[in-house]
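Here's the structure we're looking at; comments come further down.
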Amino acid sequence: MVTDVIKKLNTAVAGAEATETAYAERGYNISISASKDNLNKIVQFFDDEKFYLEDMLCVDYKDYLEVLYFFNNYRFLCRTKVALRIDPANPHVATMSNIFDGAAWYEREIHEFFGVVFDNHPNMGYFFLHDGIDFYPLRKGKVPVPPEDKKRLSAFNVEEEEDAFTINLGPQHPSTHGVLRVVLKMDGEYVISAEPVLGYLHRMQEKMGENRGFMQFLPNTGRMDYLGPMSFNAAYVCTVEKLCGIPVPERAQIIRTITIELNRLSSHLLWLGAYLADLGGLTPFLYVFDDREQINDILERITGSRLTYCYMRFGGLYNDVDEQFVEGTRAFVKRLYERFKMYETLVTKNVIFINRTRGIGILDSEKARKYGFSGPVLRSVGIPYDIRKVEPYAAYDRIAFDVPHEMTGDALDRYMIRVHDMEVSLKIIEQALDMLPEGPYVTEKVPKKMKPPKGDVYHTVESPRGEVGVYIVSDGTDTPYRMHWRVPSFSNLIIFPYLAQGTLIADAVSSLGSLDLVIPEIDR
Amino acid sequence: MSMTSPSAIIKGAYSLITGLGVTLKTFFMPVVTVQYPRQTCEIPPRFRGHTKLVGDEENPDRTKCVVCMACVKACPSHSIKKIEGEKKEGEKKKTCTEYILDFTTCSQCGICVETCNFDALAFSADYNRAVYTRAECQFDLVKEYEKRK
Amino acid sequence: MNEIINIVGKEVVRNVIGLVGVLVVVVVNVLILTWVERKVSGHMQRRIGPKEVGPFGLIQAIADGIKLLGKDIITPEDVKKPLYFLAPIVIFIPVLVSFVVIPFDSFLQVKDINVGILVIFAFSSLSVLSLLLAGWGSNNKYSLIGAMRSVAQNIAYEIPLLLALLPVIFMCNSFSLKDVVEAQKGIWFVVYHPIPFLIYFIAGVAETNRTPFDLAEAESELVAGFHTEYSGMRFALFFLAEYSNIFIICAVATIFFLGGYQGPILPGIIWFFIKTYALAFIIVWFRWTFPRVRFDQLLNFSWKVLIPVSFLWLLITGGMLKIL
């Protein structure tokens with residue numbers, strides 16, 4: 001499959017020079033170095049081949065800037081890295097947002113952090129750095145921000161128009177769950193357009209990654225997605241393990257699987273409660289907290305923490321589990337099966353709930369590809385794409401499980417996907433508990449100070465919200481040269497303006513809730 | 001999916017009534033909340049509180065810390081502000097006399113505990129550390145050890 | 001004492017005592033209902049609810065009242081002051097008046113007016129005016145949307161509310177609440193008119209802006225709707241009016257369908273309060289079980305289901321009365 005793509009590309013685009021790379025080491029199958037002339041053709045090729053834009057980032061190599069496009073598809077594993085070198089003195093690239101809508105947001109992010117200007121981009125406004133910056137933060141040297149770029153800082157200020165009014169949904173609003181701000185242009189109760197404004201929780205995690213040792217960055221990962229820290233821990237730890245070639249003992253792999261799934265359960269449960277609260281039903285929120293507390297108790301016993309677990313270590317885990325953990329988890333799994341029946345009666349079958357979600361915010365598979373959303377939102381449009389199946393990490397390749405998917409792509413389907421996801425998680429936990437072997441929980445002789453070899457690596461895991469991608473460039477020192485995070489909430493939010501357009505404000509809130517956004521993850 | 005057809009109304013009403021049954025049943029179930037602060041939860045042994053210095057078994061007057069500064073270098077947030085030590089007579093290793101932890105920036109990640117080669121650091125189970133000023137967040141772990149002893 | 005009564009007249013004294021009584025009932029009712037709401041919601045969510053102030057947290061509501069009274073009265077800068085000030089008062093006065101005509105017992109009624117139910121409806125219609133004043137006067141977009149919603153909602157739901165009562169009024173040929181209760185000596189009207197009772201109750205929940213019909217304050221969409229900009233004692237007046245409205249809706253349902261103060265052994269007033277608070281419990285129960293309906297669904301339900309059905313029932317009742 002991969003070789004077919006390479007062959008096709010090399011014939012379709014002259015001078016594309018696609019080469020196959022070692023997937024096990026690099027995390028991507030094909031590497032292409034593009035030039036400004038053939039970039040458009042290459043991106044168009046991947047659009048024609050029904051690939052989706054997985055990620056987009058930039059690396060400053062001092063002599064040149066490298067803009068990277070990662071493409072992948074839902075049918076077979078073929079991650080492709082397209083690298084475009086540009087002159088740092090004249091950083092101009094043609095925008096790809098006319099082909100992949102999702103690129104618009106990634107390009108804005110790159111522009112903000114690197115000063116790369118994407119020509120013909122519909123809106124180069126800033127996302128995160130509203131207070132103004134003097135230098136581009138992720139450039140290696142001190143590159144001053146030109147005055148015309150500084151003007152864009154106030155680009156998110158809204159102007160009043162006749163026959164419409166604007167309303168700020170957030171940053172302090174009961175249903176944006178954190179500090180997301182969406183500027184809604186309204187006509188009565190109808191939303192004319194929605195424009196998310198991000199950055200109220202921006203901490204520049206990617207820059208922090210460049211300034212800290214590999215081990216020192218580990219606690220930060222849990223602070224990006226505070227509801228799914230296990231997945232983020234795993235994403236980072238697996239990436240560094242891939243980069244340094246550290247083996248992981250079997251027992252650690254199984255425990256990783258169990259804890260990641262427990263965390264996924266707690267995340268989905270909280271989402272369920274919060275979504276119902278968005279729709280006005282407050283009681284399920286308390287019920288899910290009752291269940292979630294049980295997970296927190298189980299995980300607190302082994303990790304020492306209830307929210308930012310920081311449980312994974314390079315080559316294993318922070319601590320071993322004991323018999324009580326196994327028994328406690330088994331008891332919890334049994335309990336949750338019972339509770340699902342209650343949730344079904346209280347929520348899933350409730351006619352008011354069904355009428356608030358069915359047919360709301362409908363998405364389709366073409367939109368999925370163009371905007372690049374992932375996770376339960378993607379599976380709700382009928383694509384059974386799950387990183388746990390496609391690129392198994394931890395012990396997922398040894399466990400049998402289905403990938404639930406629905407067809408309609410509305411808010412009700414996104415709800416159903418997450419409910420089924422929880423059932424799948426319970427099955428995975430049950431199997432993993434049976435498989436739990438004796439043995440060490442961490443590899444011996446992992447150096448305290450990591451010094452990975454030169455090179456780059458991409459790794460993805462399936463977080464409760466979707467695909468988390470970590471891209472690390474190592475220059476052989478003890479700190480990463482560049483660390484990039486592809487976070488699912490960010491790429492899922494890109495679709496929201498489309499979803500909200502022309503709907504009632506109540507439906508916009510319902511759609512927003514069904515995307516399951518975690519704001520610190522979007523803002524990083 | 002018309003909401004107004006008779007069968008839809010009856011089906012919908014049934015779903016609402018079963019929903020009411022769930023909350024009514026819960027109404028008579030015992031509460032699950034803990035009446036903090038009248039009741040408190042048990043703190044698990046691995047609980048990650050702020051760090052504490054561990055006493056030397058042989059000589060309870062001193063801690064295990066030998067002022068090697070490894071934790072200072074390892075801390076990602078530069079929260080360990082100052083470690084002072086002196087060499088007492090008749091002892092091979094340095095004794096820690098002052099260990100300032102800035103709790104305002106510490107995120108209890110535990111890298112210092114894992115880095116320590118002398119097992120001199122551990123997590124305390126103390127979670128009641130709300131204070132009114134930033135200055136009170138500068139914990140001197142040696143003094144805390146003295147108090148505990 | 002007799003001299004004073006002779007000077008000012010019996011009727012005036014009766015009215016003054018009645019009004020004071022009504023005020024007491026209003027305040028005590030709010031204390032009870034808020035306590036019930038908190039305890040019920042608490043236990044339905046496996047929490048304990050208020051427990052610190054007084055035995056079982058019984059006087060928590062008083063503590064909250066004192067807190068609200070003690071709060072600084074904040075007037076946002078850009079509000080339209082006369083409307084903003086007027087709204088909490090306008091919502092509260094009609095509530096007081098409605099209590100005047102309610103027969104708590106055969107002898108306990110401030111004033112038996114022969115158009116009692118019309119008085120209640122006329123005055124409770126005023127509350128929507130107050131919500132509109134609050135929404136417009138607050139000069140806040142969320143408040144305004146909330147106010148617009150509540151106007152549409154109240155218009156849609158006042159019709160089935162009254163239509164559901166008409167069959168009962170047909171049967172006892174009187175608008176006086178006391179006559180209605182007296183007509184139920186034998187069998188409660190809920191037996192003859194179960195569907196109008198349901199319609200009345202659903203419309204009543206909508207009329208009081210309670211979940212699942214709390215669109216005017218829908219906190220996850222409109223922050224707090226029409227009372228977003230109100231705080232302190234002004235907010236307390238809205239709060240008082242909301243719980244008093246629940247009482248009135250339940251009291252009218254009790255009077256028209258559940259036999260009012262009629263009941264064996266226990267005194268009438270006890271029966272009246274038992275029935276009224278049982279209905280109030282159901283309204284509280286609804287709130288802690290259901291999500292909120294959408295605005296257009298709410299209106300559709302009223303215009304397409306409640307109003308046609310109540311008309312149909314009215315026709316049948318009229319026909320039956322003519323034949324029998």
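To be explicit about the labels: the chains of the structure tokens are called A, B, and onward in the order shown, and within each one the residues are counted from 1, while ligands get numbers from 1 in the order they are shown.
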
Inset, instruction - Using only C-alpha atoms, determine which residues of chain A fall within 9 Å of chain C; present them as a PyMOL selection string. - result: chain A and resi 165-167+169+173-176+188-189+276-287+290+346-347+350+352-353+355-356+504-507+509

Let's have the selection written as a compact mmCIF listing (two decimals), in the first residue's frame, with N, CA and C atoms.
# COMPACT_ATOMS: atom_id res chain seq x y z
N PHE A 165 -26.50 41.20 16.04
CA PHE A 165 -25.73 41.62 17.21
C PHE A 165 -24.75 40.52 17.55
N THR A 166 -23.69 40.89 18.20
CA THR A 166 -22.69 39.88 18.57
C THR A 166 -22.82 39.59 20.05
N ILE A 167 -22.52 38.38 20.38
CA ILE A 167 -22.63 37.97 21.77
C ILE A 167 -21.39 37.13 22.07
N LEU A 169 -19.83 34.21 23.81
CA LEU A 169 -20.05 32.97 24.55
C LEU A 169 -18.70 32.64 25.18
N HIS A 173 -18.36 31.48 30.75
CA HIS A 173 -19.73 31.12 30.40
C HIS A 173 -19.96 29.70 30.90
N PRO A 174 -21.16 29.42 31.42
CA PRO A 174 -21.38 28.09 32.01
C PRO A 174 -21.16 26.93 31.06
N SER A 175 -21.31 27.12 29.76
CA SER A 175 -21.23 25.94 28.90
C SER A 175 -19.99 25.91 28.03
N THR A 176 -19.01 26.77 28.27
CA THR A 176 -17.77 26.62 27.52
C THR A 176 -16.72 25.88 28.34
N GLY A 188 -31.41 37.42 16.24
CA GLY A 188 -32.37 36.87 17.20
C GLY A 188 -31.76 35.68 17.89
N GLU A 189 -32.44 34.55 17.81
CA GLU A 189 -31.90 33.34 18.46
C GLU A 189 -30.99 32.57 17.52
N LEU A 276 -24.77 16.81 29.72
CA LEU A 276 -26.14 16.91 30.20
C LEU A 276 -26.37 18.23 30.92
N ALA A 277 -25.35 18.71 31.61
CA ALA A 277 -25.48 20.01 32.26
C ALA A 277 -25.64 21.10 31.21
N ASP A 278 -24.95 20.96 30.08
CA ASP A 278 -25.12 21.90 28.97
C ASP A 278 -26.56 21.90 28.49
N LEU A 279 -27.15 20.73 28.51
CA LEU A 279 -28.53 20.62 28.03
C LEU A 279 -29.54 20.91 29.13
N GLY A 280 -29.06 21.26 30.32
CA GLY A 280 -29.96 21.68 31.38
C GLY A 280 -30.29 20.62 32.42
N GLY A 281 -29.79 19.39 32.24
CA GLY A 281 -30.06 18.35 33.24
C GLY A 281 -28.88 18.25 34.19
N LEU A 282 -29.08 18.63 35.45
CA LEU A 282 -27.92 18.76 36.33
C LEU A 282 -27.63 17.49 37.12
N THR A 283 -28.62 16.62 37.27
CA THR A 283 -28.41 15.47 38.15
C THR A 283 -27.40 14.46 37.61
N PRO A 284 -27.41 14.11 36.31
CA PRO A 284 -26.40 13.16 35.84
C PRO A 284 -24.97 13.58 36.16
N PHE A 285 -24.74 14.87 36.23
CA PHE A 285 -23.41 15.39 36.56
C PHE A 285 -22.92 14.82 37.89
N LEU A 286 -23.83 14.79 38.86
CA LEU A 286 -23.45 14.28 40.17
C LEU A 286 -23.30 12.77 40.15
N TYR A 287 -24.11 12.09 39.34
CA TYR A 287 -24.01 10.63 39.26
C TYR A 287 -22.67 10.23 38.65
N ASP A 290 -19.96 10.47 41.08
CA ASP A 290 -19.95 9.32 41.99
C ASP A 290 -19.10 8.19 41.39
N LEU A 346 -32.05 7.00 32.47
CA LEU A 346 -32.13 8.41 32.85
C LEU A 346 -31.81 9.34 31.68
N VAL A 347 -30.86 8.95 30.85
CA VAL A 347 -30.38 9.88 29.82
C VAL A 347 -30.66 9.38 28.40
N ASN A 350 -34.21 9.20 27.29
CA ASN A 350 -35.04 10.35 27.63
C ASN A 350 -35.44 11.11 26.37
N ILE A 352 -36.60 14.07 25.89
CA ILE A 352 -36.12 15.46 25.79
C ILE A 352 -34.67 15.46 25.31
N PHE A 353 -33.88 14.56 25.90
CA PHE A 353 -32.47 14.47 25.50
C PHE A 353 -32.34 14.10 24.03
N ASN A 355 -34.45 14.58 21.63
CA ASN A 355 -34.86 15.69 20.77
C ASN A 355 -33.88 16.85 20.78
N ARG A 356 -33.07 16.93 21.83
CA ARG A 356 -32.06 17.99 21.86
C ARG A 356 -30.80 17.61 21.09
N LEU A 504 -29.87 27.46 16.03
CA LEU A 504 -30.31 28.17 17.23
C LEU A 504 -29.18 28.17 18.24
N ILE A 505 -29.18 29.14 19.13
CA ILE A 505 -28.09 29.20 20.12
C ILE A 505 -28.10 27.95 20.99
N ALA A 506 -29.29 27.42 21.27
CA ALA A 506 -29.36 26.21 22.09
C ALA A 506 -28.70 25.03 21.36
N ASP A 507 -28.87 24.96 20.05
CA ASP A 507 -28.24 23.88 19.28
C ASP A 507 -26.74 24.10 19.18
N VAL A 509 -24.89 25.40 21.45
CA VAL A 509 -24.35 24.94 22.73
C VAL A 509 -24.31 23.42 22.75

Inset, instruction - Define the interface residues of chain B facing chain A as those within 7 Å, counting only C-alpha atoms, and report them as a count of residues only. - result: 12

Legend entry - Within 9 Å of Ile270 (chain C) using only C-alpha atoms, minus same-chain residues under 3 positions, as a list in words: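 Skipping anything fewer than 3 positions along the chain leaves Phe104, Asp105, Tyr261, Leu266, Pro267, Phe273, Ile274 and Lys275 of chain C.
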
Legend entry - Gap from CA of Met483 (chain A) to CA of Glu66 (chain A) - Å, one decimal: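 Distance reported for this atom pair: 13.7 Å.
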
Legend entry - Nearby residues (only C-alpha atoms) at most 6 Å from region 468-476 of chain A, same-chain spacing under 6 positions excluded, as a list in words: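 The residues satisfying every condition are Lys451, Pro452, Pro453, Lys454, Gly455, Asp456, Val457, Tyr458, His459, Thr460, Val461, Arg482, Met483, His484, Trp485, Arg486, Val487 and Pro488 of chain A.
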
Inset, instruction - Extract, using only C-alpha atoms, all DNA, RNA and protein residues at most 6 Å from region 90-93 of chain C, discarding same-chain residues fewer than 4 positions from it, and format them as a ChimeraX atom specification. - result: /C:127,130,241

What would the file look like if the residues just selected were written as a compact mmCIF listing (two decimals), in the first residue's frame with N, CA and C atoms?
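Heads up, here's the output in part_35.txt:
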# COMPACT_ATOMS: atom_id res chain seq x y z
N SER C 127 -46.59 39.09 35.41
CA SER C 127 -45.21 38.71 35.71
C SER C 127 -44.37 38.69 34.44
N SER C 130 -42.96 41.95 33.81
CA SER C 130 -41.79 42.22 34.65
C SER C 130 -40.53 41.59 34.07
N ALA C 241 -40.52 35.53 44.03
CA ALA C 241 -41.64 35.45 43.09
C ALA C 241 -41.68 34.08 42.43

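For the pair CA of Ala394 (chain A) and CA of Gln431 (chain A), the interatomic distance is 13.6 Å.
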
Inset, instruction - Show which residues sit within 9 Å of Ala251 (chain C), as a ChimeraX atom specification. Count only C-alpha atoms, and ignore same-chain residues fewer than 3 positions away. - result: /C:102,104,246-248,254-256,260,272-273,275-277,279

Export of prior selection with C-alpha atoms as a PDB file, in the first residue's frame:
ATOM      1  CA  ILE C 102     -56.898  31.420  47.522  1.00  0.00           C
ATOM      2  CA  PHE C 104     -56.789  27.768  52.381  1.00  0.00           C
ATOM      3  CA  ILE C 246     -44.878  27.570  42.103  1.00  0.00           C
ATOM      4  CA  PHE C 247     -47.109  27.695  45.156  1.00  0.00           C
ATOM      5  CA  ILE C 248     -49.885  29.485  43.310  1.00  0.00           C
ATOM      6  CA  THR C 254     -55.221  21.561  44.171  1.00  0.00           C
ATOM      7  CA  ILE C 255     -58.343  23.708  44.216  1.00  0.00           C
ATOM      8  CA  PHE C 256     -59.530  22.801  40.740  1.00  0.00           C
ATOM      9  CA  GLY C 260     -58.785  21.882  47.682  1.00  0.00           C
ATOM     10  CA  PHE C 272     -54.702  21.898  51.401  1.00  0.00           C
ATOM     11  CA  PHE C 273     -51.030  22.223  52.194  1.00  0.00           C
ATOM     12  CA  LYS C 275     -51.831  18.444  48.355  1.00  0.00           C
ATOM     13  CA  THR C 276     -50.158  21.676  47.301  1.00  0.00           C
ATOM     14  CA  TYR C 277     -46.715  20.643  48.504  1.00  0.00           C
ATOM     15  CA  LEU C 279     -47.497  18.902  43.631  1.00  0.00           C
TER      16      LEU C 279
END

Legend entry - Selected residue of minimal separation from Lys94 (chain B) among B:Ile80, B:Val113, B:Val66, B:Ala120, counting only C-alpha atoms: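 Between B:Ile80, B:Val113, B:Val66, B:Ala120, the residue approaching Lys94 (chain B) most closely is B:Val66.
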
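Proximity to region 433-437 of chain A at 8 Å, evaluated using only C-alpha atoms and with sequence-adjacent residues fewer than 6 positions away removed, yields A:Glu250, A:Arg251, A:Ile254, A:Ile255, A:Ile258, A:Val326.
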
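Distance-wise, CA of Val143 (chain A) and CA of Asn90 (chain A) end up 12.1 Å apart.
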